[in-house]
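Report on one structure; see the data block that follows.
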Amino acid sequence: MRLPAQTAGAPKAAAAPTAAPVTGASAAPHGGIEDRIARFATIWGRAIFPVTATSLTRTEFERHLLPLTRRLTEALHARPFDASVAQQVGAELVAVHCTDPEALAGTLGVIESYLVLYCGPDGPEGSGVEGTEEYRSRCARLQHAIAAGYARALRERTLREQEAIARSALTARTDAQQALHASEERFRAVFEGAAVGIGIADLDGNVLEVNDTLLQMFGGLEGHVRSRNVSEWGHPDDTPHVWRMYGELVRGERESYRVEKPYYRHDGTVLWTNLTVSLLRDADGTPQYQLALMEDTTERRLLNLRLRYEATHDALTGLPNRTLFFERLEKALGGAGGDRYGLCYLDLDGFKAVNDSLGHSAGDRLLVEVADRLQSCATGPGEVVARLGGDEFVALTTGSDTEQKVTDLAIRILTALSTPIRLEGRELTVRGSIGIVEGRAKERTPAEVLRSADITMYRAKAAGGNRFEFADAEADARAITRHGLTNALPAALERGEFFIEYQPLVHMRDGSVHGAEALVRWSHPQYGVLGPDRFIPLAERTGLIVPLGRWVLEEAVRQARIWQRQHGGSALRINVNLSPTQLHHPGLVADTVAVLEKSGLAPGALCLEVTESALIGADDELLEPLRRLAALGVDIALDDFGTGYSNLANLRRLPVSVLKLDRSFTQGMQQQPANPVDVKIVEGIVALAHSLELAVTVEGVETGAQAAQLRALGCDTAQGWYYARPGAPDRIHTLSLSDAVPTPS
Amino acid sequence: MERPAWAPPGIDISVPSVSRIYDYYLGGSHNFEVDRQTARRAMEFMPGLPKIMQANRAFMRRAVRHAVAEGVTQFLDIGSGIPTFGNVHEIARAATPQARVVYVDHDPVAVAHSRAVLTGDEHTDIVAADLRRPKEILAAPEVGRLLDLGRPVALLLVAVLHFLEDTDDPYAAVAELRDALAPGSLLILTHASYEGIPLPEEVAGGTVSVYRDIRNPLVMRTGEQIRGFFDGFELLEPGLVSMPDWRPDRAEDGADAESPEDPYAFSGFGGVGRKA
C-alpha cells in the first residue's frame, strides 16, 4: 500500500491501520513498562521514518529508537529530575541521520502526545492531579532539552560536514594543481626536449612560444623567431595552397594541415621543413591557438638532390648521363608537333689505342678534356651534351631550323676536337665520328633516334672518321638488318638453324675426288638461306664464331668419317675454315684433337684453312697452335692466297702444306685465250709452292678450258662449279663414285 | 584536443556536482550553495527526489548484504560519490570482516573526501577514474592491490549509468568490466527511468533539463534498455524491478512486513545479475 509522504504528525501515524494497538489517547495502555516502551518506539518510528534519509528498514530504525525511549522514560521518572539527558536523545536523532527538521517536529509531537501516557506513572499513586501536572511539566522540559540537543548536534554536524567538504575541495584543488603542474612539467620537458621544432602562435599569427629546436633550425637568433608573425614567413617556393590552408585553419574551417615548406633563416639560407599545423581549441571548442610541428628536412633534401644529380650525371666528366639524356630526348621528342630536334652521336676515333698505350687514367683525362670541349660547343638554348658511356657522347639541339643548327653543332664539335690535347707531356690529336639525326617531334621514340644516330656514326667512321654523316633510311635499314642478324645468331645456333654444304675438291691430275670443303649456311626463318659472308663477320665481332666454328668442325669431321666408312676406307679429306678469332682462341688445339678423337678421323684427313690476311705479321706465339696441329698431321691451307701481300719469304716459316689460290687469278683464265699475265703469275706461284713442297689448290674453276689450263700449269687440286657446286653430303658420295665426272652448270 | 588521461580536470566548486547534490538529497551538508540551488530547482519538478535516493541507498544495502550472503566479499563501487552513511564498506564490513571495497569516482572533490574518510582503512580505497574508460579502472593499482579478479567481485553501478550518454557507449563500458570479472561475479545496478515516476513525463522532464543545464545530462532509459546492461549476466529473482520491490526485508517477528513506502521510491529500476 502506498501513501503520500507524511511529513509530521504523530496522531496521524498513530491512527494508521498498521499502527500499534493503541486503545485511546486518554486511556493508559496496558502491559508492562518494557512492552509500553516498545510500543512508544514504534509510534515514534512510524512518525518520523518517512522524513529520514536512512537506508535502514523501518523495523531496524525503530530498534534504534528503543534505547532513546528508555532513556526518556528514566528521565521522566528520575528524582531529582534532570532534563539535560534528553539533550543526548536529540543528538542521537541527528546521529541516525534524522537531519530533516521535520523529524524533530514529529518527535516532539509524539512525546507531547504519548510519552506520559505510555511511559508515565502506571499506578494510581502517580495518577493524581499533582502527579499528572508534574509529569506534564517534566515532559515539556524534556522536549525543550531534546530540541536544544538536536539543534546543537545538527549545527555541529552541519559545520563539521561543511568544513570536511570545503577541506576536500581544497585538497582536490591542490591535487589537481600539483597534477597540472606535473603535467605541465612533462609537457615542458617534451616541448624543450623534442627533436622536432614546436611553435605556438595565436590565430592572428603572432608567435607566442617556440622551443629551442625550432630556434636552432632557424639559425638560433631569438629575434628572428619569437615575437614575429607567421605571415612574415612566406617563401617564393611556397606552394600556393600553403597559405590557403593556413587561412582555413585560423578561421576554424580546418583542423590541421601538413606541407613541405621552405623558410628563410636570418642569414638568408633556406630551411626546408615538413610542417604540420594543428588548430587548438578550448574546452568549448572555440579556436584558440595554432600549433606548428616542424621537422628539418634541409639535409635530407640536399641529399636527395645530390642522389638525383648522381643518378643523372656521369661521375667522370660531370656531364648528364644516359638516364638524364633520355629524359631530355623524350621531352624533345614529345614536344609540340611543329618542334624539331637535331642529335649528334659522337664516338672518338682510335680512343682504344690511347687507352691501350697510355693507360686508363690517361684515357679518363682525355675523356674529361673532350667533355669540357663538347660542353663549350653546346651553348645555345635547349642544347645539351651528355656522355652515354665509354667514348660515346651525344649533343642535342631543339627548336626550329634544327637542320642548320645541328650541322653547325657538329662542325663546332669537330673543330673543338681538332686542337691537340696535351696529355702526359705529349700532344694527342683526337678525332671523332658523328652520326646526325634530325627530325620532327612525335615521329620516333628516343631509342629509335639513338639507334639511327649510332648506325650513322658507324657509317661516318667507316668512311674514314673525323666527319659527320646524316642519317638516311636506307643505310639504317641495312644496318638494322645486320643488327638483327647479330642479335639472332646465338639463338640460331641453339635452335640448329645452321647447316653445312660440301663442295668437292678434285685431283687435277685424274679428276678423282680428293675431298670437300665444308661451307656453313644459315637457314634464317625470315631471310632464307644466308651465306657465310652475311653472318661470319658478325659472329667474328660478337665472339660467337668460337662455338659456331667448333660446331662446324665437329659436324664436318663426323661427316668425313661417314664418307670414309661408306667409301671403304678411301681417304676422302675434309677442309674446314678457321676464322682469325678461332685462331687466337686458346682452346683451338685441344678442341680440334678432341673432335678428331671422338669421331675417329685420322688427323691427316683434316685440312684447316686459314686466310692469308690472318697470318700477316703473325708471330711465333700465334703460329704455335698451328705448328702443333701440323705436327699432329693436320694439314694447314693458306686460303685466299695472293690477296694479302704476304711476304713470300715468310712462307717458309709457316706450318702450311697447301696454298689455295684466290679465285681472282683463275678468273683471267675463263676467257680464250687466257690472260697471259695471269698465266705467268700462276705459273710462278705454283713453281714457288712446289719448291717449298706445298700443294696448290685453285678455286673458282668454272669452265673446261680453265681446268685444262690450270692442270697444264701444274696445280694439284681444284674446286669450282665446273666440277660441282656446294651441296648436301650425299652428293659427294655420288660424285666420288663416278669419280668427278664434270658437271658443268 | 581531448584531455590526456594524466591531466586532471580543473576544480571549480562554482559548478554543481552530482555527487554533492546527491548528498544534499540525503540530508547531508557535504555540499555548497550551487549544489543546493540545483537540487532545489530539480525538486521543484520532482519533490520526491530525496525518496528516490533513499530507495537507492536501501536497495544497495540489501544487495550488498545479499552479495555477502552469496559469498562475494569483494566490491567495486563505481560512481560512489560522497561517502555519507550506509556506505558499501560499512554494510559489507558489518556482514563480514573480510570485505574489501574499491570505490571509484571521477569527481575530484568526492575522491578527496573519500580518501579523507577512508584513511587508515587497509581494506578499502578510492580510485580517481571514469566509468567511460574501464581500462583505467581495471589497471588502477588499488584494484590490483585489494581485489582478486580471479574470484567473484560485486560490481556496483548504483545511480551512475544514467549519467552516461549513448555517445559514451555505456553498454561497451559495462561489457568491458564484465569481461574482466570472474564467473559468479555480481552486477548491482540501479538506473533512472520515466517508468515508475508518479508524475507525467512532461513534469518529470523538468528535472532532466536541470541536469542538462549543469552539463551532467540525466539519461532516462526504458526498462528494456536498462535490462540490456545485464547482457552476459543472469538476473537474480525478482529480476529488474522497482527498487523497493527488490527483495524487501521482512520484519523478524513476521508482523509489519509491508512498510508504507513513498510513491517516489518506485521510480526507476534496480536489479542484480550474476555472471555465468
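Note on naming: chains are A, B, ... as they come in the C-alpha cells, residues start from 1 per chain, ligands start from 1 in the order shown.
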Checklist entry - Within 6 Å of chain A, which residues of chain B show up when using only C-alpha atoms, listed as a list in words? => result Pro8, Ile11, Leu26, Gly27, Ser29, His30, Gln54, Arg57, Ala58, Pro108, Val109, Ala112, His113, Pro260, Glu261 and Asp262 of chain B
Checklist entry - Could you pull out the alpha helix (DSSP H) residues of segment 21-153 of chain B from DSSP and send them as number ranges by chain? => result B: 21-25, 33-45, 49-69, 88-95, 108-118, 134-138, 141-146
Checklist entry - Which value, in Å to one decimal, gives the distance between atom CA of Arg731 of chain A and atom CA of Asn577 of chain A? => result 20.4 Å
Item to check | strand (DSSP E) positions in segment 263-466 of chain A, given as an MDAnalysis selection string | outcome: chainID A and resid 263:264 270:281 287:296 340:349 384:389 392:399 421:423 426:428 431:440
Output C-alpha atoms of each residue in that selection to a file, as an mmCIF file, in the first residue's frame.
data_model
loop_
_atom_site.group_PDB
_atom_site.id
_atom_site.type_symbol
_atom_site.label_atom_id
_atom_site.label_comp_id
_atom_site.auth_asym_id
_atom_site.auth_seq_id
_atom_site.Cartn_x
_atom_site.Cartn_y
_atom_site.Cartn_z
ATOM 1 C CA TYR A 263 61.770 29.281 -44.747
ATOM 2 C CA TYR A 264 64.493 31.884 -44.864
ATOM 3 C CA VAL A 270 66.905 28.237 -46.761
ATOM 4 C CA LEU A 271 65.459 25.893 -44.188
ATOM 5 C CA TRP A 272 63.276 23.148 -45.604
ATOM 6 C CA THR A 273 60.713 21.592 -43.261
ATOM 7 C CA ASN A 274 57.977 19.052 -43.058
ATOM 8 C CA LEU A 275 55.414 21.257 -41.360
ATOM 9 C CA THR A 276 52.300 20.083 -39.517
ATOM 10 C CA VAL A 277 49.988 22.793 -38.227
ATOM 11 C CA SER A 278 47.071 21.961 -35.929
ATOM 12 C CA LEU A 279 44.301 24.103 -34.533
ATOM 13 C CA LEU A 280 43.988 24.142 -30.729
ATOM 14 C CA ARG A 281 40.514 24.738 -29.363
ATOM 15 C CA PRO A 287 39.675 28.008 -31.758
ATOM 16 C CA GLN A 288 42.416 29.488 -29.590
ATOM 17 C CA TYR A 289 45.894 28.770 -30.902
ATOM 18 C CA GLN A 290 47.781 27.186 -33.742
ATOM 19 C CA LEU A 291 50.413 24.593 -33.030
ATOM 20 C CA ALA A 292 53.212 24.042 -35.527
ATOM 21 C CA LEU A 293 55.444 20.968 -35.553
ATOM 22 C CA MET A 294 58.420 21.187 -37.875
ATOM 23 C CA GLU A 295 60.935 18.653 -38.964
ATOM 24 C CA ASP A 296 64.117 19.967 -40.569
ATOM 25 C CA ARG A 340 62.170 19.732 -84.339
ATOM 26 C CA TYR A 341 65.280 18.225 -82.885
ATOM 27 C CA GLY A 342 68.814 17.539 -84.019
ATOM 28 C CA LEU A 343 71.078 14.988 -82.390
ATOM 29 C CA CYS A 344 74.832 14.411 -82.792
ATOM 30 C CA TYR A 345 76.166 11.000 -81.805
ATOM 31 C CA LEU A 346 79.918 11.237 -81.337
ATOM 32 C CA ASP A 347 82.386 8.388 -80.996
ATOM 33 C CA LEU A 348 86.077 9.175 -80.710
ATOM 34 C CA ASP A 349 88.277 7.681 -83.404
ATOM 35 C CA VAL A 384 72.640 19.711 -74.051
ATOM 36 C CA VAL A 385 75.664 17.424 -74.103
ATOM 37 C CA ALA A 386 75.771 14.040 -72.399
ATOM 38 C CA ARG A 387 78.129 11.098 -72.083
ATOM 39 C CA LEU A 388 76.469 7.797 -72.886
ATOM 40 C CA GLY A 389 79.425 5.701 -71.773
ATOM 41 C CA GLU A 392 80.441 7.921 -76.793
ATOM 42 C CA PHE A 393 78.915 11.358 -76.398
ATOM 43 C CA VAL A 394 75.700 12.948 -77.593
ATOM 44 C CA ALA A 395 74.658 16.541 -78.155
ATOM 45 C CA LEU A 396 71.061 17.595 -78.597
ATOM 46 C CA THR A 397 69.582 20.756 -80.010
ATOM 47 C CA THR A 398 65.886 21.581 -80.232
ATOM 48 C CA GLY A 399 63.516 24.231 -81.558
ATOM 49 C CA ILE A 421 95.172 17.647 -76.375
ATOM 50 C CA ARG A 422 98.238 17.701 -74.137
ATOM 51 C CA LEU A 423 98.434 14.552 -72.108
ATOM 52 C CA ARG A 426 102.643 14.748 -75.430
ATOM 53 C CA GLU A 427 100.158 16.186 -77.815
ATOM 54 C CA LEU A 428 97.358 13.891 -78.877
ATOM 55 C CA ARG A 431 89.211 12.935 -83.845
ATOM 56 C CA GLY A 432 85.669 11.800 -83.809
ATOM 57 C CA SER A 433 82.928 10.443 -85.999
ATOM 58 C CA ILE A 434 79.485 11.945 -85.707
ATOM 59 C CA GLY A 435 76.155 10.489 -86.729
ATOM 60 C CA ILE A 436 73.418 13.094 -87.010
ATOM 61 C CA VAL A 437 69.695 12.505 -86.769
ATOM 62 C CA GLU A 438 67.412 15.419 -87.379
ATOM 63 C CA GLY A 439 63.635 15.327 -87.464
ATOM 64 C CA ARG A 440 60.228 16.378 -86.274
#
Checklist outcome for this item: From atom CA of Gly700 of chain A to atom CA of Gln671 of chain A the spacing works out at 13.6 Å
Do you know which residues are at most 10 Å from segment 223-238 of chain B counting only C-alpha atoms, after dropping those on the same chain fewer than 5 positions away, and could you put them as a tab-separated table (two decimals) with N, CA and C atoms, in the first residue's frame?
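In the end it all went to part-v7.tsv:
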chain	number	residue	atom	x	y	z
B	161	LEU	N	24.93	4.93	-14.17
B	161	LEU	CA	24.86	4.73	-15.63
B	161	LEU	C	23.96	5.75	-16.32
B	162	HIS	N	22.99	6.30	-15.56
B	162	HIS	CA	22.12	7.30	-16.19
B	162	HIS	C	22.83	8.65	-16.39
B	170	PRO	N	27.84	3.38	-22.96
B	170	PRO	CA	27.85	2.76	-21.62
B	170	PRO	C	27.76	1.23	-21.67
B	171	TYR	N	27.10	0.70	-22.73
B	171	TYR	CA	26.98	-0.76	-22.80
B	171	TYR	C	28.34	-1.41	-22.99
B	172	ALA	N	29.17	-0.76	-23.84
B	172	ALA	CA	30.53	-1.29	-24.06
B	172	ALA	C	31.34	-1.21	-22.77
B	173	ALA	N	31.14	-0.11	-22.01
B	173	ALA	CA	31.89	0.04	-20.76
B	173	ALA	C	31.53	-1.08	-19.79
B	174	VAL	N	30.23	-1.35	-19.66
B	174	VAL	CA	29.79	-2.41	-18.74
B	174	VAL	C	30.31	-3.76	-19.22
B	175	ALA	N	30.25	-3.96	-20.55
B	175	ALA	CA	30.70	-5.25	-21.09
B	175	ALA	C	32.20	-5.45	-20.82
B	178	ARG	N	32.56	-6.38	-17.30
B	178	ARG	CA	32.07	-7.75	-17.14
B	178	ARG	C	33.14	-8.76	-17.56
B	179	ASP	N	33.75	-8.48	-18.72
B	179	ASP	CA	34.73	-9.43	-19.25
B	179	ASP	C	35.94	-9.59	-18.33
B	183	PRO	N	33.67	-15.55	-13.29
B	183	PRO	CA	32.31	-16.10	-13.23
B	183	PRO	C	31.83	-16.11	-11.78
B	184	GLY	N	30.52	-15.86	-11.60
B	184	GLY	CA	29.96	-15.78	-10.26
B	184	GLY	C	29.96	-14.36	-9.73
B	185	SER	N	30.60	-13.43	-10.49
B	185	SER	CA	30.58	-12.03	-10.08
B	185	SER	C	29.17	-11.47	-10.22
B	186	LEU	N	28.90	-10.41	-9.45
B	186	LEU	CA	27.54	-9.84	-9.44
B	186	LEU	C	27.57	-8.42	-10.00
B	187	LEU	N	26.51	-8.08	-10.70
B	187	LEU	CA	26.33	-6.69	-11.13
B	187	LEU	C	25.15	-6.13	-10.36
B	188	ILE	N	25.42	-5.12	-9.51
B	188	ILE	CA	24.38	-4.48	-8.71
B	188	ILE	C	24.13	-3.12	-9.34
B	189	LEU	N	22.93	-2.94	-9.89
B	189	LEU	CA	22.72	-1.79	-10.77
B	189	LEU	C	21.38	-1.11	-10.47
B	190	THR	N	21.39	0.23	-10.41
B	190	THR	CA	20.12	0.96	-10.44
B	190	THR	C	20.24	2.03	-11.52
B	191	HIS	N	19.09	2.45	-12.03
B	191	HIS	CA	19.10	3.36	-13.16
B	191	HIS	C	17.80	4.17	-13.16
B	192	ALA	N	17.90	5.46	-13.46
B	192	ALA	CA	16.73	6.33	-13.54
B	192	ALA	C	15.90	5.99	-14.77
B	193	SER	N	14.58	6.21	-14.65
B	193	SER	CA	13.68	5.93	-15.77
B	193	SER	C	12.41	6.74	-15.57
B	194	TYR	N	11.75	7.05	-16.68
B	194	TYR	CA	10.42	7.68	-16.53
B	194	TYR	C	9.42	6.67	-16.00
B	195	GLU	N	9.75	5.39	-16.13
B	195	GLU	CA	8.84	4.34	-15.69
B	195	GLU	C	8.83	4.31	-14.17
B	245	ASP	N	10.89	-3.03	-4.46
B	245	ASP	CA	10.36	-4.37	-4.68
B	245	ASP	C	11.45	-5.43	-4.78
B	246	TRP	N	12.72	-4.98	-4.77
B	246	TRP	CA	13.80	-5.97	-4.87
B	246	TRP	C	14.11	-6.52	-3.48
B	247	ARG	N	13.64	-7.76	-3.25
B	247	ARG	CA	13.91	-8.49	-2.01
B	247	ARG	C	13.75	-7.62	-0.76
B	268	GLY	N	12.17	4.39	-11.42
B	268	GLY	CA	13.40	3.76	-11.92
B	268	GLY	C	13.46	2.28	-11.58
B	269	PHE	N	14.65	1.70	-11.81
B	269	PHE	CA	14.80	0.25	-11.67
B	269	PHE	C	16.06	-0.12	-10.91
B	270	GLY	N	15.97	-1.28	-10.25
B	270	GLY	CA	17.15	-1.87	-9.65
B	270	GLY	C	17.16	-3.35	-9.96
B	271	GLY	N	18.34	-3.92	-9.97
B	271	GLY	CA	18.42	-5.36	-10.22
B	271	GLY	C	19.83	-5.85	-9.93
B	272	VAL	N	19.94	-7.17	-9.76
B	272	VAL	CA	21.23	-7.79	-9.52
B	272	VAL	C	21.38	-8.96	-10.49
B	273	GLY	N	22.52	-9.01	-11.19
B	273	GLY	CA	22.78	-10.12	-12.11
B	273	GLY	C	24.02	-10.87	-11.70
B	274	ARG	N	24.07	-12.14	-12.07
B	274	ARG	CA	25.25	-12.96	-11.76
B	274	ARG	C	25.89	-13.40	-13.06
B	275	LYS	N	27.20	-13.21	-13.16
B	275	LYS	CA	27.90	-13.59	-14.38
B	275	LYS	C	28.02	-15.11	-14.44
B	276	ALA	N	27.66	-15.63	-15.59
B	276	ALA	CA	27.65	-17.09	-15.76
B	276	ALA	C	29.09	-17.60	-15.75
Checklist entry - Suppose you want the space between atom CA of Glu74 of chain A and atom CA of Leu104 of chain A; what is it in Å? => result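 Separation between atom CA of Glu74 of chain A and atom CA of Leu104 of chain A: 20.4 Å.
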Item to check | Selection: 12 Å around Thr73 of chain B, only C-alpha atoms, excl. self and same-chain fewer than 5 positions, as a PyMOL selection string | outcome: chain B and resi 64-68+88-89+91-102+123-124+146-149+151-155+184-186
Generate a file of the selected residues that holds C-alpha atoms, formatted as a CSV table (one decimal), in the first residue's frame.
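Here's the written file result.csv:
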chain,number,residue,atom,x,y,z
B,64,VAL,CA,25.4,-5.8,-0.7
B,65,ARG,CA,24.1,-7.9,2.1
B,66,HIS,CA,22.8,-10.4,-0.5
B,67,ALA,CA,26.2,-10.5,-2.1
B,68,VAL,CA,27.9,-11.3,1.2
B,88,VAL,CA,29.2,-0.2,0.9
B,89,HIS,CA,32.2,-0.9,3.1
B,91,ILE,CA,27.4,-2.5,5.2
B,92,ALA,CA,29.7,-5.2,3.9
B,93,ARG,CA,32.0,-5.0,6.9
B,94,ALA,CA,29.0,-5.4,9.2
B,95,ALA,CA,28.3,-8.6,7.4
B,96,THR,CA,31.8,-9.9,7.1
B,97,PRO,CA,35.1,-8.6,8.4
B,98,GLN,CA,36.9,-9.9,5.2
B,99,ALA,CA,35.1,-7.4,2.9
B,100,ARG,CA,37.3,-5.4,0.6
B,101,VAL,CA,36.0,-2.4,-1.3
B,102,VAL,CA,37.3,-0.2,-4.0
B,123,HIS,CA,40.7,-2.9,3.1
B,124,THR,CA,39.1,0.0,1.4
B,146,LEU,CA,42.6,-5.0,-3.0
B,147,LEU,CA,40.7,-7.1,-5.4
B,148,ASP,CA,41.4,-10.6,-6.7
B,149,LEU,CA,39.8,-10.6,-10.1
B,151,ARG,CA,37.4,-14.6,-7.7
B,152,PRO,CA,33.9,-13.2,-7.9
B,153,VAL,CA,33.5,-9.5,-7.4
B,154,ALA,CA,30.3,-7.5,-6.8
B,155,LEU,CA,30.3,-4.6,-9.3
B,184,GLY,CA,30.0,-15.8,-10.3
B,185,SER,CA,30.6,-12.0,-10.1
B,186,LEU,CA,27.5,-9.8,-9.4
Item to check | Selected residue, from B:Ala180, B:Val160, B:Ala116, B:Ile78, that lies nearest to Val219 of chain B when counting only C-alpha atoms | outcome: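 Using only C-alpha atoms, Val219 of chain B sits closest to B:Val160.
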